[in-house]
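Colleague: Pasting a structure below so you can have a look.
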Amino acid sequence: MMAMFKPIRKNLTIVYILTFFLFLIFILAVMYVTVQKVAEREQAREIRQYMKQESAISKSGIARLKGKPAEKVKEADHPYFYYIFKPDGTLLKGEELIPGFHTKMKKFVTEKSSPSGMYETEYKERHAMYHAGMRTVPGIGRVYTVIGIETTGAHLVLKKLLLLFLFLAAVFTGVLALLSYFLAGKAIVPIQQAFDKQRKFVSDASHELRTPVSVFYSSAELLEREEGENLSAFGRGIVADLKTEAKLMAAMLDDLLFLARSDQNVQPYRFEEVGLYDLCTSIARRFQSGLPEEILLVNNLQDCPVVWGDPTRLQELVYIFLENARQYTEKGFIKLSLYKRGSFAAIEIADSGIGIDAHDLPRIFERFYRGDKARVRDGTGLGLSIAETIAKKHGGRIEVESKPGEGTIFTIFIPLKSYGVMSRVKNK
């Protein structure tokens with residue numbers, strides 16, 4: 001699969017994984033909460049049943065206690081516990097399943113003004129669910145009754161169930177990741193096929209149109225040379241315009257063919273050691289000779305970095321940005337700098353031109369993109385796309401800073417010569 005489709009497949013995979021994962025978590029969460037609520041409801045039903053069975057907490061049973069404090073709390077010989085308290089926390093009677101649990105219940109009834117209802121609590125790593133209520137008994141007054149069951153086993157089951165659900169979520173996430181990656185690959189197949197057809201068409205059309213455009217230009221040039229004296233000023237102007245448009249069309253076809261071949265990874269590159277100082281010095285000397293007097297070229301070539309690259313393509317890369325700077329700078333300066341930054345050689349082209357709007361910056365490397373009308377000049381609209389393609393082929397990148405009315409700075413980063421860079425570039 002082409003490198004340009006890898007980010008698309010990656011993004012689709014992430015979307016699929018998140019969608020499936022959220023749906024899975026939702027289902028597991030619903031299942032867990034449902035089991036938990038069913039268990040709590042069953043436990044509450046069981047407690048209410050014991051409330052009806054236990055005579056000790058009935059009014060008659062409490063009346064028989066005559067308000068005397070209990071000497072001790074008995075161990076329950078049934079699957080529930082109960083306590084009877086006075087409002088001041090005095091225990092009248094109780095049977096418990098969890099040793100010492102009555103002390104927690106004593107604190108509970110003294111802190112609550114009207115503790116009526118179902119509660120859950122934990123005591124010494126053991127869990128319990130109970131019903132607390134207040135009633136008035138003749139001869140004794142107000143008393144609090146607590147009756148409940150131990151739910152430690154149920155909590156352990158729920159905890160294991162939660163761990164099981166987490167394990168299943170992890171396993172299914174892994175399976176979903178593989179499935180998502182597969183589905184994402186299937187989803188972009190039609191896109192890739194359509195792109196391949198478009199790319200082949202552009203490549204074939206660019207190649208086939210070069211001949212008629214060359215013939216067209218040659219014919220216009222021949223007409224100008226042979227019949228130029230017989231043509232009117234208007235006719236000579238038309239011939240000149242035809243030649244200009246033919247040159248522009250030929251340049252566009254060359255650019256399209258270059259990009260199409262680059263997309264197919266068949267564009268030839270000849271990699272070797274390249275000294276950027278000598279390369280930039282030569283470019284600056286030739287470029288300066290064609291500059292108008294209103295524009296000053298400033299050279300700031302500080303270092304002599306060596307990179308692994310195609311000297312012809314690197315020269316084209318620098319020329320693209322220099323020509324771009326000249327095109328959008330009516331007067332002022334163009335500055336060409338060369339320095340090292342970390343493991344990269346940096347070639348910086350700055351100008352004092354019209355600049356680029358912030359909303360156009362993210363799209364300036366798109367093919368045929370035209371932003372601010374003030375920046376529309378003669379050209380194919382493919383130069384920056386070609387520059388980015390060349391930089392990426394060399395394992396580099398391009399950064400841009402610009403403010404409207406103040407100028408633009410393009411910085412090309414090319415990895416310094418090393419075995420790792422050479423291997424990465426060769427494998428592209």
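By convention here, the chains of the structure tokens are called A, B, ... in the order presented, each chain's residues are numbered starting at 1, and ligands are numbered starting at 1 in the order presented.
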Excluding same-chain residues fewer than 5 positions from Arg397 (chain A), what lies within 6 Å of it counting only C-alpha atoms, as a VMD selection string?
Modeller: chain A and resid 391 to 392 413
Colleague: Write out as an MDAnalysis selection string the residues lying within 10 Å of Ile386 (chain A), counting only C-alpha atoms and excluding same-chain residues fewer than 3 positions away.
Modeller: chainID A and resid 255:256 258:259 262 313 316:317 320 365:367 381:383 389:392
Colleague: As a VMD selection string, please: all residues of region 117-245 of chain A that backbone DSSP puts in alpha helix (DSSP H).
Modeller: chain A and resid 152 to 187 189 to 227 233 to 245
Colleague: Write the residues of the selection above to a file with C-alpha atoms, as a compact mmCIF listing (two decimals), in the first residue's frame.
Modeller:
```txt
# COMPACT_ATOMS: atom_id res chain seq x y z
CA THR A 152 -19.02 -10.44 51.32
CA GLY A 153 -19.49 -13.41 49.01
CA ALA A 154 -21.65 -11.43 46.61
CA HIS A 155 -19.08 -8.63 46.52
CA LEU A 156 -16.32 -11.10 45.73
CA VAL A 157 -18.40 -12.51 42.90
CA LEU A 158 -19.04 -9.02 41.53
CA LYS A 159 -15.35 -8.18 41.82
CA LYS A 160 -14.39 -11.31 39.91
CA LEU A 161 -17.08 -10.52 37.36
CA LEU A 162 -15.62 -7.02 36.93
CA LEU A 163 -12.12 -8.47 36.43
CA LEU A 164 -13.56 -10.93 33.92
CA PHE A 165 -15.24 -8.11 32.02
CA LEU A 166 -11.99 -6.09 32.00
CA PHE A 167 -10.12 -9.13 30.70
CA LEU A 168 -12.74 -9.69 28.01
CA ALA A 169 -12.58 -6.00 27.09
CA ALA A 170 -8.79 -6.24 26.68
CA VAL A 171 -9.02 -9.42 24.60
CA PHE A 172 -11.82 -8.12 22.41
CA THR A 173 -9.99 -4.80 21.98
CA GLY A 174 -7.01 -6.70 20.58
CA VAL A 175 -9.26 -8.69 18.27
CA LEU A 176 -11.11 -5.52 17.27
CA ALA A 177 -7.80 -3.79 16.53
CA LEU A 178 -6.88 -6.52 14.04
CA LEU A 179 -10.38 -6.55 12.60
CA SER A 180 -10.42 -2.75 12.38
CA TYR A 181 -7.07 -2.71 10.58
CA PHE A 182 -8.40 -5.28 8.11
CA LEU A 183 -11.67 -3.41 7.56
CA ALA A 184 -9.83 -0.10 7.15
CA GLY A 185 -7.69 -1.72 4.48
CA LYS A 186 -10.79 -2.96 2.69
CA ALA A 187 -12.46 0.45 2.98
CA VAL A 189 -9.24 -0.19 -1.62
CA PRO A 190 -11.75 1.66 -3.87
CA ILE A 191 -10.06 4.96 -2.99
CA GLN A 192 -6.65 3.56 -3.84
CA GLN A 193 -7.89 2.07 -7.09
CA ALA A 194 -9.47 5.38 -8.12
CA PHE A 195 -6.29 7.22 -7.17
CA ASP A 196 -4.15 4.76 -9.13
CA LYS A 197 -6.32 5.32 -12.21
CA GLN A 198 -6.13 9.09 -11.78
CA ARG A 199 -2.37 8.93 -11.25
CA LYS A 200 -1.88 6.77 -14.34
CA PHE A 201 -4.05 9.13 -16.37
CA VAL A 202 -2.02 12.16 -15.24
CA SER A 203 1.23 10.36 -16.01
CA ASP A 204 0.09 9.18 -19.44
CA ALA A 205 -1.55 12.48 -20.35
CA SER A 206 1.50 14.49 -19.26
CA HIS A 207 3.78 12.27 -21.30
CA GLU A 208 1.58 12.24 -24.41
CA LEU A 209 0.90 15.98 -24.38
CA ARG A 210 4.56 16.95 -24.25
CA THR A 211 5.01 16.20 -27.97
CA PRO A 212 2.09 18.29 -29.31
CA VAL A 213 3.03 21.15 -26.97
CA SER A 214 6.61 21.02 -28.24
CA VAL A 215 5.35 21.01 -31.83
CA PHE A 216 3.05 23.92 -31.02
CA TYR A 217 5.91 25.95 -29.54
CA SER A 218 8.25 25.09 -32.42
CA SER A 219 5.58 26.10 -34.94
CA ALA A 220 5.02 29.45 -33.22
CA GLU A 221 8.77 30.05 -33.08
CA LEU A 222 9.15 29.12 -36.76
CA LEU A 223 6.28 31.41 -37.69
CA GLU A 224 7.90 34.25 -35.77
CA ARG A 225 11.27 33.68 -37.41
CA GLU A 226 10.06 33.20 -40.98
CA GLU A 227 7.09 35.55 -41.14
CA ALA A 233 2.35 44.37 -34.19
CA PHE A 234 -0.87 42.73 -33.08
CA GLY A 235 0.11 39.47 -34.83
CA ARG A 236 3.58 39.50 -33.32
CA GLY A 237 2.01 40.00 -29.88
CA ILE A 238 -0.25 37.00 -30.41
CA VAL A 239 2.68 34.81 -31.45
CA ALA A 240 4.65 35.94 -28.38
CA ASP A 241 1.67 35.11 -26.15
CA LEU A 242 1.34 31.69 -27.79
CA LYS A 243 5.01 30.96 -27.12
CA THR A 244 4.65 32.09 -23.50
CA GLU A 245 1.60 29.90 -22.92
```
Colleague: In region 48-224 of chain A, what's strand (DSSP E or B) per DSSP? Answer as a PyMOL selection string?
Modeller: chain A and resi 74-75+81-85+91-96+117-123+126-137+141-150
Colleague: Enter the distance from CA of Pro99 (chain A) to CA of Gly117 (chain A), in Å, rounded to one decimal.
Modeller: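 Computing the Euclidean distance for CA of Pro99 (chain A) and CA of Gly117 (chain A) yields 23.0 Å.
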Colleague: Fewer than 2 positions away in the same chain doesn't count, so skip those; otherwise give me all residues within 7 Å of region 307-312 of chain A, counting only C-alpha atoms, as a list in words.
Modeller: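 Here the qualifying residues turn out to be Tyr269, Arg270, Phe271, Glu272, Glu273, Val274, Gly275, Pro305, Leu314, Gln315, Glu316, His394, Pro415, Leu416, Lys417 and Met422 of chain A.
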Colleague: Those selected residues, please, written with N, CA, C and O atoms and delivered as a PDB file, in the first residue's frame.
Modeller:
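The file below, result.pdb, is the result:
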```
ATOM      1  N   TYR A 269      16.339   9.098  -8.934  1.00  0.00           N
ATOM      2  CA  TYR A 269      17.198   9.954  -8.119  1.00  0.00           C
ATOM      3  C   TYR A 269      18.598   9.343  -8.115  1.00  0.00           C
ATOM      4  O   TYR A 269      18.744   8.120  -8.045  1.00  0.00           O
ATOM      5  N   ARG A 270      19.604  10.203  -8.164  1.00  0.00           N
ATOM      6  CA  ARG A 270      20.999   9.729  -8.090  1.00  0.00           C
ATOM      7  C   ARG A 270      21.609  10.273  -6.808  1.00  0.00           C
ATOM      8  O   ARG A 270      22.013  11.439  -6.735  1.00  0.00           O
ATOM      9  N   PHE A 271      21.646   9.432  -5.793  1.00  0.00           N
ATOM     10  CA  PHE A 271      22.119   9.872  -4.482  1.00  0.00           C
ATOM     11  C   PHE A 271      23.638   9.761  -4.374  1.00  0.00           C
ATOM     12  O   PHE A 271      24.240   8.776  -4.823  1.00  0.00           O
ATOM     13  N   GLU A 272      24.207  10.776  -3.767  1.00  0.00           N
ATOM     14  CA  GLU A 272      25.651  10.824  -3.528  1.00  0.00           C
ATOM     15  C   GLU A 272      25.911  11.834  -2.422  1.00  0.00           C
ATOM     16  O   GLU A 272      24.992  12.509  -1.944  1.00  0.00           O
ATOM     17  N   GLU A 273      27.177  11.942  -2.019  1.00  0.00           N
ATOM     18  CA  GLU A 273      27.524  12.955  -1.030  1.00  0.00           C
ATOM     19  C   GLU A 273      27.421  14.337  -1.670  1.00  0.00           C
ATOM     20  O   GLU A 273      27.960  14.572  -2.745  1.00  0.00           O
ATOM     21  N   VAL A 274      26.719  15.237  -0.982  1.00  0.00           N
ATOM     22  CA  VAL A 274      26.529  16.582  -1.518  1.00  0.00           C
ATOM     23  C   VAL A 274      26.968  17.600  -0.470  1.00  0.00           C
ATOM     24  O   VAL A 274      26.446  17.601   0.660  1.00  0.00           O
ATOM     25  N   GLY A 275      27.922  18.453  -0.834  1.00  0.00           N
ATOM     26  CA  GLY A 275      28.319  19.552   0.037  1.00  0.00           C
ATOM     27  C   GLY A 275      27.398  20.731  -0.196  1.00  0.00           C
ATOM     28  O   GLY A 275      27.422  21.359  -1.262  1.00  0.00           O
ATOM     29  N   PRO A 305      27.721  21.736   5.780  1.00  0.00           N
ATOM     30  CA  PRO A 305      27.182  20.397   6.016  1.00  0.00           C
ATOM     31  C   PRO A 305      27.191  19.542   4.756  1.00  0.00           C
ATOM     32  O   PRO A 305      27.049  20.044   3.638  1.00  0.00           O
ATOM     33  N   LEU A 314      18.270  18.615  -5.296  1.00  0.00           N
ATOM     34  CA  LEU A 314      18.470  19.565  -4.202  1.00  0.00           C
ATOM     35  C   LEU A 314      18.617  20.987  -4.752  1.00  0.00           C
ATOM     36  O   LEU A 314      18.118  21.947  -4.164  1.00  0.00           O
ATOM     37  N   GLN A 315      19.292  21.100  -5.877  1.00  0.00           N
ATOM     38  CA  GLN A 315      19.417  22.409  -6.507  1.00  0.00           C
ATOM     39  C   GLN A 315      18.038  22.912  -6.949  1.00  0.00           C
ATOM     40  O   GLN A 315      17.699  24.084  -6.757  1.00  0.00           O
ATOM     41  N   GLU A 316      17.238  22.024  -7.512  1.00  0.00           N
ATOM     42  CA  GLU A 316      15.881  22.389  -7.920  1.00  0.00           C
ATOM     43  C   GLU A 316      15.057  22.809  -6.712  1.00  0.00           C
ATOM     44  O   GLU A 316      14.269  23.766  -6.777  1.00  0.00           O
ATOM     45  N   HIS A 394      14.300  12.911   0.391  1.00  0.00           N
ATOM     46  CA  HIS A 394      15.608  12.977   1.042  1.00  0.00           C
ATOM     47  C   HIS A 394      15.506  12.780   2.558  1.00  0.00           C
ATOM     48  O   HIS A 394      16.481  13.000   3.274  1.00  0.00           O
ATOM     49  N   PRO A 415      18.500  15.629   6.420  1.00  0.00           N
ATOM     50  CA  PRO A 415      19.369  14.916   7.372  1.00  0.00           C
ATOM     51  C   PRO A 415      20.834  14.974   6.937  1.00  0.00           C
ATOM     52  O   PRO A 415      21.149  14.824   5.756  1.00  0.00           O
ATOM     53  N   LEU A 416      21.708  15.189   7.920  1.00  0.00           N
ATOM     54  CA  LEU A 416      23.137  15.155   7.638  1.00  0.00           C
ATOM     55  C   LEU A 416      23.554  13.748   7.238  1.00  0.00           C
ATOM     56  O   LEU A 416      22.905  12.754   7.610  1.00  0.00           O
ATOM     57  N   LYS A 417      24.625  13.648   6.488  1.00  0.00           N
ATOM     58  CA  LYS A 417      25.081  12.363   5.963  1.00  0.00           C
ATOM     59  C   LYS A 417      25.399  11.399   7.102  1.00  0.00           C
ATOM     60  O   LYS A 417      26.153  11.694   8.007  1.00  0.00           O
ATOM     61  N   MET A 422      21.344   7.302   4.767  1.00  0.00           N
ATOM     62  CA  MET A 422      21.569   6.696   3.456  1.00  0.00           C
ATOM     63  C   MET A 422      20.668   5.497   3.257  1.00  0.00           C
ATOM     64  O   MET A 422      20.048   5.322   2.200  1.00  0.00           O
TER      65      MET A 422
END
```
Colleague: Just checking: using only C-alpha atoms, which residue out of A:Ala260, A:Ile356, A:Ala44, A:Ile17 ends up closest to Pro404 (chain A)?
Modeller: A:Ile356
Colleague: Extract, using only C-alpha atoms, all DNA, RNA and protein residues at most 12 Å from Thr121 (chain A), discarding same-chain residues fewer than 2 positions from it, and format them as JSON, numbers by chain.
Modeller: {"A": [101, 104, 105, 108, 118, 119, 123, 124, 125, 126, 127, 128, 129, 130, 131, 148, 149, 150, 151, 152, 155]}
Colleague: Based on the selection just made, write C-alpha atoms of those residues as a CSV table (one decimal), in the first residue's frame.
Modeller:
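Generated output (out_31.csv):
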```csv
chain,number,residue,atom,x,y,z
A,101,PHE,CA,-19.9,-5.2,63.8
A,104,LYS,CA,-20.1,0.2,63.8
A,105,MET,CA,-23.9,0.0,64.0
A,108,PHE,CA,-24.4,4.7,62.9
A,118,MET,CA,-31.6,0.0,53.3
A,119,TYR,CA,-27.8,0.5,53.6
A,123,TYR,CA,-16.3,-3.5,58.1
A,124,LYS,CA,-12.9,-5.1,58.4
A,125,GLU,CA,-12.8,-6.1,54.7
A,126,ARG,CA,-16.3,-7.8,55.0
A,127,HIS,CA,-19.4,-6.4,53.5
A,128,ALA,CA,-23.0,-6.2,54.8
A,129,MET,CA,-26.4,-4.9,53.7
A,130,TYR,CA,-29.0,-4.0,56.4
A,131,HIS,CA,-32.2,-2.3,57.1
A,148,GLY,CA,-29.3,-7.5,57.6
A,149,ILE,CA,-27.1,-10.1,55.9
A,150,GLU,CA,-23.5,-10.4,55.1
A,151,THR,CA,-22.8,-9.7,51.4
A,152,THR,CA,-19.0,-10.4,51.3
A,155,HIS,CA,-19.1,-8.6,46.5
```
